[in-house]
Structures are given as C-alpha cells and as structure tokens.
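**Student:** Just one file: run.tsv, with TSV, C-alpha atoms.
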```tsv
chain	number	residue	atom	x	y	z
A	188	MET	CA	-12.86	43.86	0.30
A	189	ILE	CA	-10.48	44.74	3.13
A	190	GLN	CA	-8.90	47.88	1.67
A	191	PRO	CA	-11.04	50.38	3.65
A	192	SER	CA	-10.12	48.64	6.91
A	193	ILE	CA	-6.35	48.61	6.42
A	194	SER	CA	-5.65	51.79	4.42
A	195	LYS	CA	-3.45	54.38	6.13
A	196	THR	CA	-2.77	58.03	5.31
A	197	ASP	CA	0.61	59.31	4.12
A	198	THR	CA	2.39	61.84	6.30
A	199	ARG	CA	4.88	64.57	5.43
A	200	MET	CA	7.71	62.39	6.68
A	201	THR	CA	6.88	59.04	5.12
A	202	LYS	CA	4.54	57.19	2.82
A	203	ALA	CA	2.16	54.68	4.37
A	204	VAL	CA	2.48	51.01	3.54
A	205	THR	CA	-0.17	50.35	0.87
A	206	PRO	CA	-3.11	47.97	1.48
A	207	GLN	CA	-1.71	45.67	-1.24
A	208	GLU	CA	1.63	45.42	0.58
A	209	ARG	CA	-0.08	44.87	3.93
A	210	LEU	CA	-2.11	42.01	2.47
A	211	ALA	CA	0.96	40.51	0.75
A	212	ILE	CA	2.96	40.59	3.99
A	213	THR	CA	0.15	38.91	5.91
A	214	LEU	CA	-0.53	36.19	3.34
A	215	ARG	CA	3.20	35.48	3.08
A	216	TYR	CA	3.35	35.12	6.86
A	217	LEU	CA	0.33	32.80	7.01
A	218	ALA	CA	1.46	30.62	4.10
A	219	THR	CA	5.13	30.23	5.05
A	220	GLY	CA	5.31	30.89	8.78
A	221	GLU	CA	8.41	33.05	8.23
A	222	THR	CA	9.65	35.20	11.06
A	223	GLN	CA	8.75	38.86	11.09
A	224	THR	CA	12.46	39.69	10.85
A	225	SER	CA	12.71	37.72	7.60
A	226	LEU	CA	9.61	39.46	6.25
A	227	SER	CA	11.05	42.87	7.12
A	228	TYR	CA	14.06	42.19	4.86
A	229	GLN	CA	11.88	40.90	2.02
A	230	PHE	CA	9.39	43.76	2.03
A	231	ARG	CA	11.69	46.49	3.41
A	232	VAL	CA	9.25	47.28	6.17
A	233	SER	CA	10.36	47.51	9.79
A	234	GLN	CA	9.77	44.51	12.01
A	235	ASN	CA	7.91	46.67	14.54
A	236	LEU	CA	5.47	47.80	11.87
A	237	ILE	CA	5.02	44.24	10.56
A	238	SER	CA	4.07	43.14	14.08
A	239	LEU	CA	1.17	45.62	13.86
A	240	ILE	CA	0.25	44.95	10.23
A	241	ILE	CA	-0.26	41.18	10.58
A	242	PRO	CA	-2.91	41.11	13.37
A	243	GLU	CA	-4.74	44.13	11.91
A	244	THR	CA	-4.92	42.54	8.45
A	245	CYS	CA	-5.87	39.12	9.86
A	246	SER	CA	-8.74	40.75	11.72
A	247	ALA	CA	-9.86	42.56	8.55
A	248	ILE	CA	-9.70	39.31	6.53
A	249	TYR	CA	-11.89	37.54	9.08
A	250	GLU	CA	-14.42	40.36	9.30
A	251	ALA	CA	-14.74	40.52	5.50
A	252	LEU	CA	-14.84	36.81	4.67
A	253	GLN	CA	-16.58	35.22	7.66
A	254	PRO	CA	-20.16	36.30	6.75
A	255	ILE	CA	-19.67	34.90	3.23
A	256	TYR	CA	-17.63	31.76	3.67
A	257	MET	CA	-17.82	30.61	7.30
A	258	TRP	CA	-21.27	30.77	8.82
A	259	MET	CA	-23.09	28.20	10.90
A	260	PRO	CA	-26.60	27.09	9.88
A	261	ARG	CA	-29.40	28.66	11.91
A	262	SER	CA	-32.51	27.01	10.47
A	263	GLN	CA	-33.81	23.48	10.16
A	264	GLU	CA	-33.59	23.61	6.36
A	265	GLU	CA	-29.91	24.62	6.46
A	266	TRP	CA	-29.06	21.85	8.93
A	267	ARG	CA	-30.92	19.29	6.83
A	268	LYS	CA	-28.82	20.32	3.83
A	269	VAL	CA	-25.66	19.62	5.85
A	270	SER	CA	-27.11	16.26	6.89
A	271	GLN	CA	-28.02	15.32	3.32
A	272	ASP	CA	-24.45	16.01	2.21
A	273	PHE	CA	-23.06	13.71	4.91
A	274	HIS	CA	-25.50	10.97	3.91
A	275	SER	CA	-24.79	11.20	0.18
A	276	LEU	CA	-21.01	11.62	0.45
A	277	TRP	CA	-20.12	9.62	3.55
A	278	ASN	CA	-23.11	7.30	4.15
A	279	TYR	CA	-23.86	8.69	7.61
A	280	PRO	CA	-27.47	9.88	7.93
A	281	LEU	CA	-28.73	12.61	10.27
A	282	CYS	CA	-25.19	13.96	10.77
A	283	LEU	CA	-24.73	17.68	11.34
A	284	GLY	CA	-20.94	17.79	11.20
A	285	ALA	CA	-17.67	16.31	12.37
A	286	LEU	CA	-16.26	17.79	15.58
A	287	ASP	CA	-12.55	17.89	16.31
A	288	GLY	CA	-10.20	19.80	18.53
A	289	LYS	CA	-6.51	20.62	18.08
A	290	ARG	CA	-3.83	22.31	20.12
A	291	VAL	CA	-2.10	25.17	18.28
A	292	LEU	CA	1.40	25.77	19.63
A	293	LEU	CA	2.31	29.18	21.05
A	294	GLN	CA	5.44	30.87	22.22
A	295	LYS	CA	5.19	31.02	26.03
A	296	PRO	CA	3.02	34.08	26.78
A	297	ALA	CA	4.57	36.61	29.11
A	298	HIS	CA	3.59	36.36	32.79
A	299	SER	CA	1.29	33.38	32.07
A	300	GLY	CA	2.92	30.84	34.37
A	301	SER	CA	1.54	27.40	33.52
A	302	HIS	CA	-1.79	28.73	32.23
A	303	TYR	CA	-1.11	27.66	28.62
A	304	TYR	CA	1.09	24.65	29.52
A	305	ASP	CA	-0.49	21.48	28.10
A	306	TYR	CA	-0.15	17.78	28.91
A	307	LYS	CA	2.52	17.30	26.19
A	308	GLY	CA	4.83	19.87	27.72
A	309	ASN	CA	4.11	22.64	25.20
A	310	PHE	CA	2.39	26.01	25.42
A	311	SER	CA	-0.75	26.00	23.32
A	312	THR	CA	-4.22	27.35	22.69
A	313	ILE	CA	-7.12	25.11	21.68
A	314	LEU	CA	-8.96	25.26	18.37
A	315	MET	CA	-12.24	23.32	18.36
A	316	ALA	CA	-14.15	23.21	15.08
A	317	LEU	CA	-17.21	21.71	13.43
A	318	VAL	CA	-16.59	20.63	9.82
A	319	ASP	CA	-19.14	19.97	7.07
A	320	ALA	CA	-19.08	17.16	4.48
A	321	ASP	CA	-16.99	19.26	2.07
A	322	TYR	CA	-14.04	19.88	4.44
A	323	LYS	CA	-15.16	23.41	5.28
A	324	PHE	CA	-15.40	24.84	8.78
A	325	LEU	CA	-18.90	25.65	10.00
A	326	TYR	CA	-17.96	26.80	13.49
A	327	ALA	CA	-14.77	27.37	15.45
A	328	ASP	CA	-14.08	27.99	19.13
A	329	ILE	CA	-10.58	29.45	19.60
A	330	GLY	CA	-8.62	30.58	22.60
A	331	THR	CA	-9.14	28.15	25.48
A	332	ASN	CA	-5.79	27.74	27.21
A	333	GLY	CA	-3.91	24.52	26.47
A	334	ARG	CA	-3.94	23.48	30.11
A	335	ALA	CA	-7.66	22.69	29.94
A	336	SER	CA	-8.79	19.10	29.48
A	337	ASP	CA	-10.90	18.11	26.50
A	338	GLY	CA	-13.98	17.77	28.69
A	339	GLY	CA	-13.41	21.23	30.11
A	340	VAL	CA	-13.05	22.72	26.64
A	341	TRP	CA	-16.28	21.13	25.38
A	342	ASN	CA	-18.20	22.11	28.51
A	343	LYS	CA	-17.25	25.77	27.99
A	344	CYS	CA	-17.91	25.69	24.24
A	345	LYS	CA	-20.68	27.98	22.99
A	346	LEU	CA	-21.76	25.32	20.48
A	347	LYS	CA	-22.57	22.87	23.29
A	348	GLU	CA	-24.65	25.51	25.06
A	349	ASP	CA	-26.53	26.41	21.88
A	350	ILE	CA	-27.32	22.76	21.09
A	351	GLU	CA	-28.57	21.95	24.58
A	352	ASN	CA	-30.64	25.14	24.75
A	353	GLU	CA	-32.06	24.48	21.24
A	354	GLU	CA	-30.98	27.92	20.01
A	355	ILE	CA	-29.56	27.11	16.55
A	356	GLY	CA	-32.53	25.50	14.79
A	357	ILE	CA	-31.48	21.85	14.82
A	358	PRO	CA	-34.34	19.70	13.45
A	359	PRO	CA	-36.26	17.35	15.75
A	360	PRO	CA	-35.49	13.59	15.76
A	361	ALA	CA	-36.26	11.82	12.49
A	362	ASN	CA	-36.41	8.30	11.08
A	363	LEU	CA	-33.23	6.78	9.73
A	364	PRO	CA	-33.55	5.98	5.98
A	365	ASN	CA	-35.55	2.78	5.39
A	366	TYR	CA	-35.72	2.26	9.15
A	367	ASP	CA	-38.84	2.93	11.22
A	368	ILE	CA	-37.06	4.21	14.31
A	369	GLN	CA	-36.44	7.84	15.22
A	370	VAL	CA	-33.06	9.10	16.40
A	371	PRO	CA	-31.83	12.65	17.04
A	372	TYR	CA	-29.61	14.51	14.61
A	373	VAL	CA	-26.02	14.04	15.77
A	374	ILE	CA	-22.47	15.33	15.52
A	375	VAL	CA	-19.66	12.79	15.12
A	376	GLY	CA	-16.42	13.00	17.09
A	377	ASP	CA	-13.61	10.85	18.39
A	378	ASP	CA	-13.14	9.44	21.89
A	379	ALA	CA	-11.74	12.76	23.14
A	380	PHE	CA	-15.35	13.97	23.37
A	381	PRO	CA	-17.99	12.67	25.77
A	382	LEU	CA	-20.79	10.54	24.32
A	383	GLN	CA	-24.05	12.51	24.30
A	384	LYS	CA	-27.45	12.00	22.65
A	385	TYR	CA	-26.39	14.55	20.04
A	386	LEU	CA	-22.65	13.65	19.95
A	387	MET	CA	-21.58	10.19	18.78
A	388	ASN	CA	-18.15	8.72	19.42
A	389	PRO	CA	-16.76	5.20	18.75
A	390	TYR	CA	-17.17	2.19	20.98
A	391	PRO	CA	-14.03	2.09	23.15
A	392	GLY	CA	-11.42	-0.69	23.03
A	393	ASN	CA	-10.28	-3.10	20.35
A	394	ASP	CA	-11.89	-6.27	21.71
A	395	GLN	CA	-15.32	-5.55	20.21
A	396	SER	CA	-17.92	-7.52	18.29
A	397	ASN	CA	-17.96	-7.29	14.51
A	398	GLU	CA	-21.11	-5.17	14.68
A	399	LYS	CA	-19.38	-2.57	16.86
A	400	HIS	CA	-16.33	-2.57	14.58
A	401	ILE	CA	-18.69	-1.82	11.69
A	402	HIS	CA	-20.21	1.08	13.63
A	403	ASN	CA	-16.76	2.48	14.45
A	404	TYR	CA	-15.74	2.25	10.80
A	405	ARG	CA	-18.87	4.07	9.60
A	406	LEU	CA	-18.37	6.78	12.21
A	407	SER	CA	-14.67	7.18	11.36
A	408	ARG	CA	-15.58	7.42	7.65
A	409	ALA	CA	-17.77	10.45	8.42
A	410	ARG	CA	-15.31	11.89	10.94
A	411	ARG	CA	-12.46	11.74	8.42
A	412	VAL	CA	-13.67	15.06	6.97
A	413	SER	CA	-12.42	16.87	10.08
A	414	GLU	CA	-9.02	15.16	9.94
A	415	ASN	CA	-8.67	16.08	6.27
A	416	ALA	CA	-9.81	19.66	6.90
A	417	PHE	CA	-7.20	20.16	9.60
A	418	GLY	CA	-4.63	18.39	7.42
A	419	ILE	CA	-5.28	20.77	4.51
A	420	LEU	CA	-5.19	23.73	6.89
A	421	SER	CA	-1.81	22.84	8.40
A	422	SER	CA	-0.22	21.96	5.05
A	423	ARG	CA	-1.31	25.19	3.34
A	424	PHE	CA	-0.82	27.57	6.27
A	425	GLN	CA	2.66	26.80	7.56
A	426	VAL	CA	2.35	29.37	10.32
A	427	LEU	CA	0.44	26.65	12.22
A	428	ASN	CA	3.36	24.23	12.00
A	429	LYS	CA	5.48	25.95	14.62
A	430	PRO	CA	4.79	27.95	17.78
A	431	ILE	CA	3.13	31.26	16.90
A	432	ARG	CA	5.41	33.97	18.24
A	433	THR	CA	2.90	36.51	19.48
A	434	CYS	CA	0.47	36.98	22.35
A	435	PRO	CA	-2.56	34.62	22.58
A	436	GLU	CA	-5.01	37.33	21.50
A	437	ARG	CA	-3.14	38.02	18.29
A	438	ALA	CA	-2.56	34.29	17.73
A	439	ASN	CA	-6.35	33.86	17.78
A	440	MET	CA	-6.63	36.46	14.99
A	441	VAL	CA	-4.06	34.53	12.93
A	442	ILE	CA	-5.99	31.27	13.38
A	443	GLN	CA	-9.31	32.91	12.46
A	444	ALA	CA	-7.83	34.32	9.26
A	445	CYS	CA	-6.48	30.88	8.30
A	446	LEU	CA	-9.91	29.31	8.78
A	447	VAL	CA	-11.85	31.77	6.64
A	448	LEU	CA	-9.19	31.73	3.92
A	449	HIS	CA	-9.38	27.93	3.93
A	450	ASN	CA	-13.15	28.05	3.37
A	451	MET	CA	-12.82	30.68	0.66
A	452	LEU	CA	-10.17	28.68	-1.21
A	453	ARG	CA	-12.17	25.45	-0.88
A	454	THR	CA	-15.08	27.32	-2.49
A	455	GLU	CA	-13.33	29.43	-5.14
A	456	SER	CA	-10.13	27.51	-6.00
A	457	ARG	CA	-10.68	23.92	-4.88
A	458	GLN	CA	-8.49	22.13	-7.42
A	459	ASP	CA	-5.41	24.28	-6.84
A	460	TYR	CA	-5.82	24.61	-3.08
A	461	SER	CA	-6.76	21.04	-2.16
A	462	PRO	CA	-6.39	18.55	-5.04
A	463	PRO	CA	-7.69	14.99	-4.36
A	464	GLU	CA	-4.21	13.57	-3.78
A	465	LEU	CA	-3.80	15.90	-0.78
A	466	LEU	CA	-6.59	14.08	1.11
A	467	ASP	CA	-6.91	10.76	2.91
A	468	GLN	CA	-9.26	8.66	0.79
A	469	GLU	CA	-10.74	5.20	0.56
A	470	ASP	CA	-10.16	3.11	-2.57
A	471	ILE	CA	-13.41	1.16	-2.38
A	472	GLN	CA	-12.65	-0.94	-5.48
A	473	ARG	CA	-9.35	-2.20	-4.09
A	474	ARG	CA	-10.47	-2.15	-0.47
A	475	ARG	CA	-7.57	-0.02	0.76
A	476	MET	CA	-6.80	3.34	2.31
A	477	VAL	CA	-4.86	5.97	0.37
A	478	VAL	CA	-2.88	8.29	2.63
A	479	GLY	CA	-3.09	11.96	1.64
A	480	GLN	CA	-0.09	14.16	0.92
A	481	TRP	CA	-0.99	16.50	3.77
A	482	HIS	CA	0.77	14.04	6.08
A	483	ASP	CA	4.06	14.92	4.34
A	484	HIS	CA	3.73	18.56	5.43
A	485	GLN	CA	2.92	18.02	9.06
A	486	HIS	CA	5.55	18.17	11.79
A	487	ASN	CA	4.45	19.16	15.28
A	488	ALA	CA	1.37	21.04	14.14
A	489	LEU	CA	-2.12	20.84	15.59
A	490	GLY	CA	-1.73	18.24	18.33
A	491	ASP	CA	-4.69	16.15	19.41
A	492	LEU	CA	-6.68	16.71	22.58
A	493	GLN	CA	-6.08	14.54	25.61
A	494	VAL	CA	-8.39	11.52	25.94
A	495	ILE	CA	-9.91	11.07	29.41
A	496	ALA	CA	-12.12	8.07	30.13
A	497	ARG	CA	-15.64	8.82	31.35
A	498	ARG	CA	-18.85	6.86	31.68
A	499	PRO	CA	-21.55	7.96	29.21
A	500	LYS	CA	-25.22	8.36	30.07
A	501	ARG	CA	-27.62	5.55	29.30
A	502	ASP	CA	-29.76	7.49	26.79
A	503	ALA	CA	-26.63	8.41	24.81
A	504	MET	CA	-25.54	4.77	24.73
A	505	GLN	CA	-29.00	3.79	23.45
A	506	VAL	CA	-28.73	6.26	20.54
A	507	ARG	CA	-25.31	4.87	19.61
A	508	ASP	CA	-26.69	1.32	19.75
A	509	LEU	CA	-29.50	2.32	17.36
A	510	PHE	CA	-26.97	3.64	14.86
A	511	CYS	CA	-24.95	0.44	15.31
A	512	THR	CA	-27.99	-1.72	14.57
A	513	TYR	CA	-28.88	0.39	11.55
A	514	PHE	CA	-25.38	0.24	10.04
A	515	ASN	CA	-25.39	-3.55	10.37
A	516	ASN	CA	-28.82	-4.01	8.76
A	517	GLU	CA	-30.86	-1.62	6.61
A	518	GLY	CA	-28.07	0.97	6.49
A	519	SER	CA	-25.20	-1.34	5.53
A	520	VAL	CA	-22.95	-0.69	2.51
A	521	PRO	CA	-21.33	-3.48	0.43
A	522	TRP	CA	-17.72	-2.73	1.34
A	523	GLN	CA	-18.00	-2.15	5.07
A	524	ASN	CA	-16.95	-5.60	6.30
A	525	GLU	CA	-13.61	-5.49	4.44
A	526	MET	CA	-12.91	-1.82	5.10
A	527	ALA	CA	-13.68	-2.14	8.81
A	528	LEU	CA	-10.72	-4.50	9.12
A	529	LEU	CA	-8.41	-1.63	8.12
A	530	HIS	CA	-9.55	0.34	11.16
```
Can the structure from this file be put into structure tokens for me?

**Tutor:**
Amino acid sequence: MIQPSISKTDTRMTKAVTPQERLAITLRYLATGETQTSLSYQFRVSQNLISLIIPETCSAIYEALQPIYMWMPRSQEEWRKVSQDFHSLWNYPLCLGALDGKRVLLQKPAHSGSHYYDYKGNFSTILMALVDADYKFLYADIGTNGRASDGGVWNKCKLKEDIENEEIGIPPPANLPNYDIQVPYVIVGDDAFPLQKYLMNPYPGNDQSNEKHIHNYRLSRARRVSENAFGILSSRFQVLNKPIRTCPERANMVIQACLVLHNMLRTESRQDYSPPELLDQEDIQRRRMVVGQWHDHQHNALGDLQVIARRPKRDAMQVRDLFCTYFNNEGSVPWQNEMALLH
C-alpha cells in the first residue's frame, strides 16, 4: 500500500534502501522505541538517512491507512451505530465516544523556550482522541504544545467546533431507552474536560449521594474504553514510553502512524495485538475489577491532562442530572450498587 510513496531510485554510486527495509526500520522504531543510532547498526543504514526514512514512512502509513481504519462518522446513521455499540457493550445509551487527552513526551525542541514545557516539568505535545466502544480511535487532535491547559486544548479542538456548529451529522436529541424524556447525544470524559450539554463528566468530589456515585460508576464504565485504548497503544508502541527525540512536527507524524496502526491491528489481528488479559475489565460475577497487563508496560508514558476546576452551565448540569436519574431507575443494571463501591 505504501510502496509507491516510499520507493527511491538507485544511483550509479549506491543502491537505494528498499521499501521493505524502510518499512521494517520504521516499524522497529515504533514498536521498540530504539534510538536511531541503534537502528543504524542493526540495519546497516546511516543514522542520518534513518532520520529521514522514519518520518517519511510514518506519513505514508497514515495517508494509506487513515481512510480505511480511522475515520470519523459524518452521518446520523453512522453516529447511531457508534451509540448502539456503547449501549450494548457498556450500558451507556446515546453515547458517541469516550474523550481523553494525554501528554506525549518530547525532547526539548530547539529554540522553543518554555513553549512545550508542561505543568509536570516535562516537554510534551498533547494528543486528544475520541475512542469508540471497541477501543479504536475515531478522531485525534495532535500537536498542541504541552504548556496549554486542558480547557485551552479543548477550546481549540476542531471536534468541539464541529459539534457546536452541527457540521458532523450528530443526530438530534432522543429518548433514553424505556424513558420518556429526551436528552442530547453525548461524549463521555473525565473531570479534565468541562461539562457541556454534549460532554458528560463525573460529579466532582467523594462526598456524594449514592445516586451520584452510581452515575459516576456508569460514566467511568463507558469511559474505560479510552483508558484501555491508550493503554494498548503505549504498551505496543514503546516509542511513546520515552521522550520522542525529534522535532514536534515529525513527532506528530510518529503519533499519527501509531494511531492508524493500532486501529488496523484491532481490526485485522485483534487476538494477537490486544488479547483480553491486556485490558482492564470488570468481573461482574465476582464483583471485582481485573487490572489489565498494559499497566505493566507503562512507565512515564502518556501523562494525564491537568484538572482545573470550573463552574458548568446550568443546562449541562440538567442533562447530567437526567442521566443520573435514568441510571438509578429505568436504566439501572443489577450489579451497579456493588461495583460503584469499587470506584
């Protein structure tokens, strides 16, 4: 698929590195995070040439695979299919995806000052992604400098603009199952994101009523898909587990390639790429959480966004209260009272 984009012509002086070797070098780099110097010894290709091969091949991988494996719904029927999957798999109706943001560490970019310096004292770029019910990425926003706050990142995100301008075909409000009240279709996120009519986050604080604890559990159950997706990503693509030693523009190409390869492998080679034991799961029968093996692989990779308190709008609070009432009545599930205590 990518051979036409990365093939080079032999010269009288030397033979070009073949497309197969270029792909092998790039995949080795993404999977292991090895230095380019180490790769140059393994493949007997100069480090200077490897520094050109990797971003070029990452860009070709993204261009070839993105239209097939990582596309965002654009019609009401496609969004309803996403919502149906969340309802059937995670018991959260009218959900269009789980939103999460992570900081990907970078080597300090040249002449950048404190532009990429984040609140944890690292240099980073921000990856914000929307994940479907099957741990695949629907949308990703990459490249905001790590200095930005979470609110600033979301406010500049193209997805927020498209939702508010009604440009991506999201269906109109609908009734919750077995409940004669209409609510808008929503995205679920954690408390790093502002509560909106279309973006649900948990009730803040631990001193909450049982009903609000139930709501927070049901929301976290749906939102767990994004945590697992990022966990799989960082455990399989070790390049994300240490600062990426290149300029921010090329780092963005590396991240994009990891995302589309993740979606392709989830589709074509699910059992080998992400077996069940790799994921965080609920053991409903025994009423316990089972921690996934992806936690064993993670070191300083993909840090969370900074949480900044803010007061939500009244209409957004009303939508969250409707979901809370639904989950504690017509939309309840038998295990929620016991499982909520684990959260």

**Student:** Please provide as a list in words all residues within 8 Å of A:Met526, with the sequence filter that same-chain residues fewer than 5 positions apart are discarded (counting all atoms listed in the file).

**Tutor:** Tyr404, Arg474 and Arg475 of chain A

**Student:** Find the distance between atom CA of A:Val520 and atom CA of A:Arg473 and write it in Å to one decimal.

**Tutor:**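 Atom CA of A:Arg473 lies at a distance of 15.2 Å from atom CA of A:Val520.
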
**Student:** With all atoms listed in the file as the atoms that count, which of A:Trp522, A:Tyr249, A:Trp277, A:Trp258 lies nearest to A:Leu317?

**Tutor:**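 When distances to A:Leu317 are compared using all atoms listed in the file, the smallest one comes from A:Trp258.
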
**Student:** For A:Gln505, find every residue with an atom within 12 Å (counting all atoms listed in the file), except residues of its own chain fewer than 2 positions away, and show them as a list in words.

**Tutor:**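 Contacts, in chain order: Gln369, Val370, Pro371, Leu382, Gln383, Lys384, Tyr385, Met387, Pro499, Lys500, Arg501, Asp502, Ala503, Arg507, Asp508, Leu509, Phe510, Cys511 and Thr512 of chain A.
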
**Student:** Around all the atoms of stretch 306-309 of chain A listed in the file, draw an axis-aligned box and extend it by 4 Å on each of the six sides; I want its centre and edge lengths in Å to one decimal, as JSON.

**Tutor:**
```
{"center_x": 2.3, "center_y": 20.0, "center_z": 27.1, "size_x": 13.0, "size_y": 13.3, "size_z": 11.7}
```

**Student:** Do you know which residues lie at most 10 Å from (-3.9, 34.4, 13.6), with coordinates as in the file and all atoms listed in the file counted, and could you write them as a PyMOL selection string?

**Tutor:** chain A and resi 213+216-217+241-246+249+426-427+431+433+435-446

**Student:** Expressed in Å to a single decimal, how great is the separation between atom CA of A:Arg410 and atom CA of A:Ser456?

**Tutor:** 23.6 Å

**Student:** Which residues of stretch 202-300 of chain A come within 7 Å of stretch 190-195 of chain A, and what is each one's closest atom pair and distance in Å (one decimal), counting only C-alpha atoms, sorted by chain and residue number, as JSON lines?

**Tutor:**
```
{"residue": "A:Ala203", "atom": "CA", "partner": "A:Lys195", "partner_atom": "CA", "distance": 5.9}
{"residue": "A:Thr205", "atom": "CA", "partner": "A:Ser194", "partner_atom": "CA", "distance": 6.7}
{"residue": "A:Pro206", "atom": "CA", "partner": "A:Ser194", "partner_atom": "CA", "distance": 5.4}
{"residue": "A:Thr244", "atom": "CA", "partner": "A:Ile193", "partner_atom": "CA", "distance": 6.6}
{"residue": "A:Ala247", "atom": "CA", "partner": "A:Ser192", "partner_atom": "CA", "distance": 6.3}
```

**Student:** Interatomic distance between atom CA of A:Gln294 and atom CA of A:Ile329?

**Tutor:** 16.3 Å

**Student:** Return the single residue from A:Val232, A:Leu528, A:Ile355, A:Leu226 that is closest to A:Asn393, with distances computed using all atoms listed in the file.

**Tutor:**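 The shortest atom-to-atom distance to A:Asn393 comes from A:Leu528.
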
**Student:** For A:Ser311, which residue out of A:Gly518, A:Gly220, A:Pro260, A:Gly333 is the nearest one, using only C-alpha atoms?

**Tutor:**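 Using only C-alpha atoms, A:Ser311 sits closest to A:Gly333.
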
**Student:** Taking all atoms listed in the file into account, name the residue in A:Ile313, A:Ala409, A:Leu489, A:Leu236 that is nearest to A:Ala285.

**Tutor:**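 For A:Ala285, the nearest of the candidates is A:Ala409.
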
**Student:** Which neighbours of A:Asn428 fall inside 12 Å, counting only C-alpha atoms, when residues of the same chain fewer than 4 positions from it are skipped, and could you give them as a list in words?

**Tutor:** Leu217, Ala218, Thr219, Gly220, Glu221, Arg290, Val291, Leu292, Leu293, Phe417, Gly418, Ile419, Leu420, Ser421, Ser422, Arg423, Phe424, Arg432, Ile442, His484, Gln485, His486, Asn487, Ala488, Leu489 and Gly490 of chain A

**Student:** Missing atoms in stretch 384-402 of chain A: can you complete it with N, CA, C and O atoms, as a compact mmCIF listing (two decimals), in the coordinates of the input?

**Tutor:**
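Saved result, out_8.txt, follows:
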```txt
# COMPACT_ATOMS: atom_id res chain seq x y z
N LYS A 384 -26.38 12.36 23.60
CA LYS A 384 -27.45 12.00 22.65
C LYS A 384 -27.23 12.65 21.30
O LYS A 384 -27.62 12.10 20.27
N TYR A 385 -26.61 13.82 21.28
CA TYR A 385 -26.39 14.55 20.04
C TYR A 385 -24.93 14.48 19.57
O TYR A 385 -24.57 15.12 18.59
N LEU A 386 -24.08 13.72 20.27
CA LEU A 386 -22.65 13.65 19.95
C LEU A 386 -22.20 12.20 20.03
O LEU A 386 -22.06 11.63 21.11
N MET A 387 -21.97 11.59 18.86
CA MET A 387 -21.58 10.19 18.78
C MET A 387 -20.06 10.05 18.75
O MET A 387 -19.36 10.79 18.05
N ASN A 388 -19.56 9.08 19.52
CA ASN A 388 -18.15 8.72 19.42
C ASN A 388 -18.05 7.20 19.28
O ASN A 388 -19.04 6.48 19.41
N PRO A 389 -16.86 6.65 18.99
CA PRO A 389 -16.76 5.20 18.75
C PRO A 389 -16.88 4.39 20.03
O PRO A 389 -16.67 4.90 21.14
N TYR A 390 -17.24 3.12 19.85
CA TYR A 390 -17.17 2.19 20.98
C TYR A 390 -15.71 2.07 21.41
O TYR A 390 -14.82 1.91 20.56
N PRO A 391 -15.43 2.12 22.71
CA PRO A 391 -14.03 2.09 23.15
C PRO A 391 -13.45 0.67 23.10
O PRO A 391 -14.18 -0.32 23.17
N GLY A 392 -12.12 0.59 22.98
CA GLY A 392 -11.42 -0.69 23.03
C GLY A 392 -11.37 -1.40 21.70
O GLY A 392 -12.15 -1.11 20.78
N ASN A 393 -10.44 -2.34 21.59
CA ASN A 393 -10.28 -3.10 20.35
C ASN A 393 -10.98 -4.45 20.39
O ASN A 393 -11.24 -5.04 19.35
N ASP A 394 -11.27 -4.95 21.58
CA ASP A 394 -11.89 -6.27 21.71
C ASP A 394 -13.41 -6.10 21.64
O ASP A 394 -14.12 -6.23 22.63
N GLN A 395 -13.91 -5.82 20.42
CA GLN A 395 -15.32 -5.55 20.21
C GLN A 395 -15.91 -6.56 19.23
O GLN A 395 -15.19 -7.23 18.49
N SER A 396 -17.23 -6.65 19.25
CA SER A 396 -17.92 -7.52 18.29
C SER A 396 -17.77 -6.93 16.89
O SER A 396 -17.45 -5.75 16.71
N ASN A 397 -18.04 -7.76 15.89
CA ASN A 397 -17.96 -7.29 14.51
C ASN A 397 -18.94 -6.15 14.26
O ASN A 397 -18.63 -5.20 13.52
N GLU A 398 -20.11 -6.21 14.87
CA GLU A 398 -21.11 -5.17 14.68
C GLU A 398 -20.59 -3.81 15.18
O GLU A 398 -20.78 -2.78 14.54
N LYS A 399 -19.91 -3.82 16.32
CA LYS A 399 -19.38 -2.57 16.86
C LYS A 399 -18.20 -2.07 16.03
O LYS A 399 -18.01 -0.86 15.88
N HIS A 400 -17.40 -2.99 15.49
CA HIS A 400 -16.33 -2.57 14.58
C HIS A 400 -16.92 -1.88 13.34
O HIS A 400 -16.37 -0.90 12.84
N ILE A 401 -18.03 -2.44 12.85
CA ILE A 401 -18.69 -1.82 11.69
C ILE A 401 -19.14 -0.41 12.04
O ILE A 401 -18.95 0.55 11.27
N HIS A 402 -19.77 -0.26 13.21
CA HIS A 402 -20.21 1.08 13.63
C HIS A 402 -19.02 2.04 13.70
O HIS A 402 -19.09 3.18 13.21
```
